[in-house]
Amino acid sequence: TLFRSNEETPMAGQWFEQFHVGQVFEHEIRRTVTETDLVNFISCTGMLELLFTNEIYRQTESAIKGRLVPGALVFSMAEGLCIGGTIQGTGMAFLGMDLEIKGPTFAGDTIRVDIE
């Protein structure tokens, strides 16, 4: 059966009619981006950018000195964090967003998601 609201079942999503403009979801769950996440993501997507795959290049040529991860990986993880509590079990689909990347994310960083 489909969950009908957060009150009935923990981690259950809300129906479309329960959302309103300006509503904010501050998700408590956090996720640390790991080296394994990075390796799996670039292997799966074929995103073979030197900043992600070549440690010597990154150390000698790049101005960015940490173990950088693709913004697409961060977005993918963020979407996963959003499912519980907003759309889990409702059949709603993610249809779009405004995305602004304000800075780099590195392996070892921990992310959390707020939705408005």
# chains A, B, ... in the order shown; residues from 1 in each chain; ligands from 1
>>> residues_around(residues="segment 50-63 of chain A", least_positions_apart="6", cutoff="10 Å", atoms="only C-alpha atoms", output="MDAnalysis selection string")
chainID A and resid 38:39 42:43 69:70
>>> write_last_selection(atoms="N, CA, C and O atoms", output="mmCIF file, in the first residue's frame")
data_model
loop_
_atom_site.group_PDB
_atom_site.id
_atom_site.type_symbol
_atom_site.label_atom_id
_atom_site.label_comp_id
_atom_site.auth_asym_id
_atom_site.auth_seq_id
_atom_site.Cartn_x
_atom_site.Cartn_y
_atom_site.Cartn_z
ATOM 1 N N LEU A 38 32.937 7.965 -5.213
ATOM 2 C CA LEU A 38 33.551 8.633 -6.360
ATOM 3 C C LEU A 38 33.973 7.627 -7.422
ATOM 4 O O LEU A 38 33.647 7.779 -8.606
ATOM 5 N N VAL A 39 34.696 6.591 -7.032
ATOM 6 C CA VAL A 39 35.175 5.592 -7.991
ATOM 7 C C VAL A 39 33.996 4.907 -8.684
ATOM 8 O O VAL A 39 33.988 4.756 -9.915
ATOM 9 N N ILE A 42 32.279 7.530 -11.222
ATOM 10 C CA ILE A 42 32.984 7.812 -12.472
ATOM 11 C C ILE A 42 33.084 6.557 -13.337
ATOM 12 O O ILE A 42 33.060 6.654 -14.569
ATOM 13 N N SER A 43 33.146 5.392 -12.723
ATOM 14 C CA SER A 43 33.167 4.147 -13.498
ATOM 15 C C SER A 43 31.821 3.898 -14.167
ATOM 16 O O SER A 43 31.762 3.476 -15.322
ATOM 17 N N VAL A 69 34.917 15.727 -6.163
ATOM 18 C CA VAL A 69 33.894 14.837 -6.713
ATOM 19 C C VAL A 69 32.996 15.626 -7.666
ATOM 20 O O VAL A 69 32.810 16.834 -7.492
ATOM 21 N N PRO A 70 32.449 14.976 -8.689
ATOM 22 C CA PRO A 70 31.589 15.676 -9.652
ATOM 23 C C PRO A 70 30.313 16.216 -9.001
ATOM 24 O O PRO A 70 29.729 15.570 -8.124
#
>>> select_by_dssp(residues="chain A", states="alpha helix (DSSP H)", output="PyMOL selection string")
chain A and resi 35-45+50-53+55-61+71-86
>>> residues_around(residues="segment 78-84 of chain A", least_positions_apart="2", cutoff="8 Å", atoms="only C-alpha atoms", output="PyMOL selection string")
chain A and resi 11-13+27+29-31+74-76+86-88+111-113
>>> write_last_selection(atoms="N, CA and C atoms", output="mmCIF file, in the first residue's frame")
data_model
loop_
_atom_site.group_PDB
_atom_site.id
_atom_site.type_symbol
_atom_site.label_atom_id
_atom_site.label_comp_id
_atom_site.auth_asym_id
_atom_site.auth_seq_id
_atom_site.Cartn_x
_atom_site.Cartn_y
_atom_site.Cartn_z
ATOM 1 N N MET A 11 9.329 8.121 7.384
ATOM 2 C CA MET A 11 10.000 8.092 6.081
ATOM 3 C C MET A 11 9.007 8.043 4.919
ATOM 4 N N ALA A 12 7.722 8.168 5.180
ATOM 5 C CA ALA A 12 6.744 8.177 4.094
ATOM 6 C C ALA A 12 6.636 9.569 3.503
ATOM 7 N N GLY A 13 6.373 9.621 2.209
ATOM 8 C CA GLY A 13 6.255 10.898 1.530
ATOM 9 C C GLY A 13 4.882 11.515 1.660
ATOM 10 N N HIS A 27 15.970 18.220 5.889
ATOM 11 C CA HIS A 27 16.225 16.808 6.122
ATOM 12 C C HIS A 27 17.329 16.630 7.167
ATOM 13 N N ILE A 29 18.800 13.638 7.818
ATOM 14 C CA ILE A 29 19.746 12.601 7.404
ATOM 15 C C ILE A 29 20.888 13.245 6.629
ATOM 16 N N ARG A 30 22.083 12.840 6.954
ATOM 17 C CA ARG A 30 23.278 13.342 6.267
ATOM 18 C C ARG A 30 24.006 12.163 5.647
ATOM 19 N N ARG A 31 24.864 12.455 4.670
ATOM 20 C CA ARG A 31 25.592 11.406 3.963
ATOM 21 C C ARG A 31 26.992 11.902 3.666
ATOM 22 N N VAL A 74 27.121 14.630 -6.399
ATOM 23 C CA VAL A 74 26.526 15.285 -5.230
ATOM 24 C C VAL A 74 25.019 15.435 -5.430
ATOM 25 N N PHE A 75 24.610 15.858 -6.620
ATOM 26 C CA PHE A 75 23.182 15.981 -6.903
ATOM 27 C C PHE A 75 22.486 14.633 -6.764
ATOM 28 N N SER A 76 23.093 13.578 -7.293
ATOM 29 C CA SER A 76 22.487 12.245 -7.219
ATOM 30 C C SER A 76 22.314 11.791 -5.774
ATOM 31 N N THR A 86 9.672 13.014 1.661
ATOM 32 C CA THR A 86 9.046 13.938 0.710
ATOM 33 C C THR A 86 8.269 13.205 -0.374
ATOM 34 N N ILE A 87 8.834 12.155 -0.969
ATOM 35 C CA ILE A 87 8.091 11.460 -2.034
ATOM 36 C C ILE A 87 8.068 9.946 -1.880
ATOM 37 N N GLN A 88 8.667 9.405 -0.825
ATOM 38 C CA GLN A 88 8.715 7.949 -0.643
ATOM 39 C C GLN A 88 7.314 7.357 -0.574
ATOM 40 N N ILE A 111 27.098 15.801 3.293
ATOM 41 C CA ILE A 111 26.049 16.655 2.749
ATOM 42 C C ILE A 111 24.730 16.409 3.465
ATOM 43 N N ARG A 112 23.864 17.415 3.427
ATOM 44 C CA ARG A 112 22.479 17.272 3.829
ATOM 45 C C ARG A 112 21.668 18.131 2.873
ATOM 46 N N VAL A 113 20.365 17.945 2.859
ATOM 47 C CA VAL A 113 19.530 18.585 1.861
ATOM 48 C C VAL A 113 18.372 19.326 2.521
#
>>> select_by_dssp(residues="chain A", states="strand (DSSP E)", output="list of chain:residue names")
A:Phe25, A:Glu26, A:Arg31, A:Thr32, A:Leu68, A:Val69, A:Thr105, A:Phe106, A:Thr110, A:Ile111, A:Asp114, A:Ile115
>>> residues_around(residues="Glu35 of chain A", least_positions_apart="5", cutoff="9 Å", atoms="only C-alpha atoms", output="PDB file with all heavy atoms, in the first residue's frame")
ATOM      1  N   ASN A  40      32.988   4.523  -7.923  1.00  0.00           N
ATOM      2  CA  ASN A  40      31.818   3.870  -8.526  1.00  0.00           C
ATOM      3  C   ASN A  40      31.093   4.804  -9.485  1.00  0.00           C
ATOM      4  O   ASN A  40      30.669   4.389 -10.565  1.00  0.00           O
ATOM      5  CB  ASN A  40      30.857   3.371  -7.443  1.00  0.00           C
ATOM      6  CG  ASN A  40      31.377   2.161  -6.727  1.00  0.00           C
ATOM      7  OD1 ASN A  40      32.146   1.367  -7.269  1.00  0.00           O
ATOM      8  ND2 ASN A  40      30.952   1.997  -5.484  1.00  0.00           N
ATOM      9  N   ARG A  67      40.401  15.867  -3.004  1.00  0.00           N
ATOM     10  CA  ARG A  67      39.859  14.781  -3.841  1.00  0.00           C
ATOM     11  C   ARG A  67      38.462  15.185  -4.280  1.00  0.00           C
ATOM     12  O   ARG A  67      37.456  14.839  -3.665  1.00  0.00           O
ATOM     13  CB  ARG A  67      39.864  13.472  -3.055  1.00  0.00           C
ATOM     14  CG  ARG A  67      39.487  12.262  -3.888  1.00  0.00           C
ATOM     15  CD  ARG A  67      40.588  11.944  -4.888  1.00  0.00           C
ATOM     16  NE  ARG A  67      40.412  10.588  -5.380  1.00  0.00           N
ATOM     17  CZ  ARG A  67      40.223  10.282  -6.650  1.00  0.00           C
ATOM     18  NH1 ARG A  67      40.220  11.231  -7.573  1.00  0.00           N
ATOM     19  NH2 ARG A  67      40.080   9.036  -7.012  1.00  0.00           N
ATOM     20  N   VAL A  69      34.917  15.727  -6.163  1.00  0.00           N
ATOM     21  CA  VAL A  69      33.894  14.837  -6.713  1.00  0.00           C
ATOM     22  C   VAL A  69      32.996  15.626  -7.666  1.00  0.00           C
ATOM     23  O   VAL A  69      32.810  16.834  -7.492  1.00  0.00           O
ATOM     24  CB  VAL A  69      33.058  14.147  -5.606  1.00  0.00           C
ATOM     25  CG1 VAL A  69      33.931  13.299  -4.715  1.00  0.00           C
ATOM     26  CG2 VAL A  69      32.270  15.138  -4.793  1.00  0.00           C
ATOM     27  N   ALA A 107      35.729  14.236  -1.509  1.00  0.00           N
ATOM     28  CA  ALA A 107      35.577  12.978  -0.794  1.00  0.00           C
ATOM     29  C   ALA A 107      35.851  13.267   0.681  1.00  0.00           C
ATOM     30  O   ALA A 107      36.807  13.956   1.019  1.00  0.00           O
ATOM     31  CB  ALA A 107      36.537  11.930  -1.343  1.00  0.00           C
ATOM     32  N   GLY A 108      34.984  12.793   1.532  1.00  0.00           N
ATOM     33  CA  GLY A 108      35.090  13.056   2.966  1.00  0.00           C
ATOM     34  C   GLY A 108      34.128  14.126   3.449  1.00  0.00           C
ATOM     35  O   GLY A 108      33.879  14.245   4.650  1.00  0.00           O
TER      36      GLY A 108
END
>>> residues_around(residues="segment 17-22 of chain A", least_positions_apart="2", cutoff="10 Å", atoms="only C-alpha atoms", output="PyMOL selection string")
chain A and resi 4-5+13-15+24-25+86+115-116
>>> atom_distance(atom1="atom CA of Leu99 of chain A", atom2="atom CA of Met47 of chain A")
19.5 Å
>>> residues_around(residues="Phe41 of chain A", least_positions_apart="4", cutoff="7 Å", atoms="only C-alpha atoms", output="PDB file with all heavy atoms, in the first residue's frame")
ATOM      1  N   ASP A  37      32.368   5.979  -3.316  1.00  0.00           N
ATOM      2  CA  ASP A  37      31.285   6.628  -4.067  1.00  0.00           C
ATOM      3  C   ASP A  37      31.834   7.255  -5.346  1.00  0.00           C
ATOM      4  O   ASP A  37      31.258   7.115  -6.425  1.00  0.00           O
ATOM      5  CB  ASP A  37      30.615   7.726  -3.237  1.00  0.00           C
ATOM      6  CG  ASP A  37      29.888   7.207  -2.023  1.00  0.00           C
ATOM      7  OD1 ASP A  37      29.329   6.094  -2.077  1.00  0.00           O
ATOM      8  OD2 ASP A  37      29.871   7.935  -1.008  1.00  0.00           O
ATOM      9  N   THR A  45      29.446   6.190 -14.924  1.00  0.00           N
ATOM     10  CA  THR A  45      29.038   7.228 -15.872  1.00  0.00           C
ATOM     11  C   THR A  45      30.027   7.452 -17.001  1.00  0.00           C
ATOM     12  O   THR A  45      29.689   8.081 -17.996  1.00  0.00           O
ATOM     13  CB  THR A  45      28.849   8.573 -15.145  1.00  0.00           C
ATOM     14  OG1 THR A  45      30.101   8.976 -14.580  1.00  0.00           O
ATOM     15  CG2 THR A  45      27.779   8.475 -14.075  1.00  0.00           C
ATOM     16  N   LEU A  73      27.487  13.793  -9.028  1.00  0.00           N
ATOM     17  CA  LEU A  73      27.471  12.801  -7.946  1.00  0.00           C
ATOM     18  C   LEU A  73      26.785  13.403  -6.719  1.00  0.00           C
ATOM     19  O   LEU A  73      25.942  12.759  -6.086  1.00  0.00           O
ATOM     20  CB  LEU A  73      28.891  12.353  -7.596  1.00  0.00           C
ATOM     21  CG  LEU A  73      29.056  11.529  -6.311  1.00  0.00           C
ATOM     22  CD1 LEU A  73      28.221  10.254  -6.352  1.00  0.00           C
ATOM     23  CD2 LEU A  73      30.515  11.205  -6.079  1.00  0.00           C
TER      24      LEU A  73
END
